[in-house]
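The structure under discussion appears below in the form of structure tokens.
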Amino acid sequence: MSLKQLLLWCVGLIALLFVLSAPTHIRPTFVAFHLLPAKEEVRVPPAQPMFTNADSVDEQENQPFQFLVSYTDTGFEARITTVEVGETVRFTNNSTGQLWVAATGTQLYPSIQNGCGSSALDSCRSLQPGEFWQFTFTKKGTWDFVNNLDKTKQGAIVVL
């Protein structure tokens, strides 16, 4: 073996030792691929929404309700709900968009001085995803409502 070949072998061996002793974050990919242990897959469950007083309208968070109308991306569920006079319905926005509950139709729920519309059945603002609004029905009848921001999404409350 010539001196030149011996020198090349030594340089190659030193280079290999340098690569193997380098921290893992700067090792070449081909070396790191063979020498690093496989990473274990970690599954993280989706975050659950945390509700605070700011998530409710008119601080209704702890108020009891008898019926739930859920608003999803496909509309109101249940579309028609039957309640008795004095019972409360919670309208919850479970969609990815906004919801503004408002009375609609030829016979509107009676008006009160709520300052936002001609019917008391009006959330008076849009509800963000996860927010809710509650309404206690005190008058008999069939009361139609709509998402004021998407009038194709409608429902009705029948009060006995």
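Residues in the structure tokens are named by chain (A, B, ... in the order shown) and by number from 1 within that chain; ligands are numbered from 1 in the order shown.
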request  = Compile the contact shell of stretch 70-82 of chain A as a list in words: residues with an atom at most 7 Å away, counting only C-alpha atoms, same-chain residues fewer than 3 positions apart removed.
outcome  = Phe91, Thr92, Asn93, Asn94, Ser95, Thr96, Lys153, Gln154, Gly155, Ala156, Ile157, Val158 and Val159 of chain A
Selection to disk with C-alpha atoms, as a compact mmCIF listing (two decimals), in the first residue's frame:
```
# COMPACT_ATOMS: atom_id res chain seq x y z
CA PHE A 91 -80.49 27.85 20.67
CA THR A 92 -76.85 26.70 20.44
CA ASN A 93 -74.55 27.49 17.53
CA ASN A 94 -72.79 24.20 16.76
CA SER A 95 -71.88 25.29 13.24
CA THR A 96 -68.69 26.72 11.78
CA LYS A 153 -82.07 27.82 7.49
CA GLN A 154 -85.46 27.90 9.26
CA GLY A 155 -87.33 26.23 12.09
CA ALA A 156 -90.44 26.51 14.26
CA ILE A 157 -91.41 26.31 17.90
CA VAL A 158 -94.96 25.10 18.67
CA VAL A 159 -96.11 26.40 22.06
```
request  = Considering only C-alpha atoms, state which residue in the set A:Val101, A:Leu108, A:Leu160, A:Ala120 is at the smallest distance from A:Asn147.
outcome  =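 Of A:Val101, A:Leu108, A:Leu160, A:Ala120, the one nearest A:Asn147, counting only C-alpha atoms, is A:Val101.
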inquiry  = Report, in Å to a single decimal, how far apart atom CA of A:Thr142 and atom CA of A:Trp100 are.
reply    =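 A separation of 19.2 Å between them.
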ask   = Can you tell me how far atom CA of A:Cys116 sits from atom CA of A:Pro64, in Å to one decimal?
value = 24.5 Å
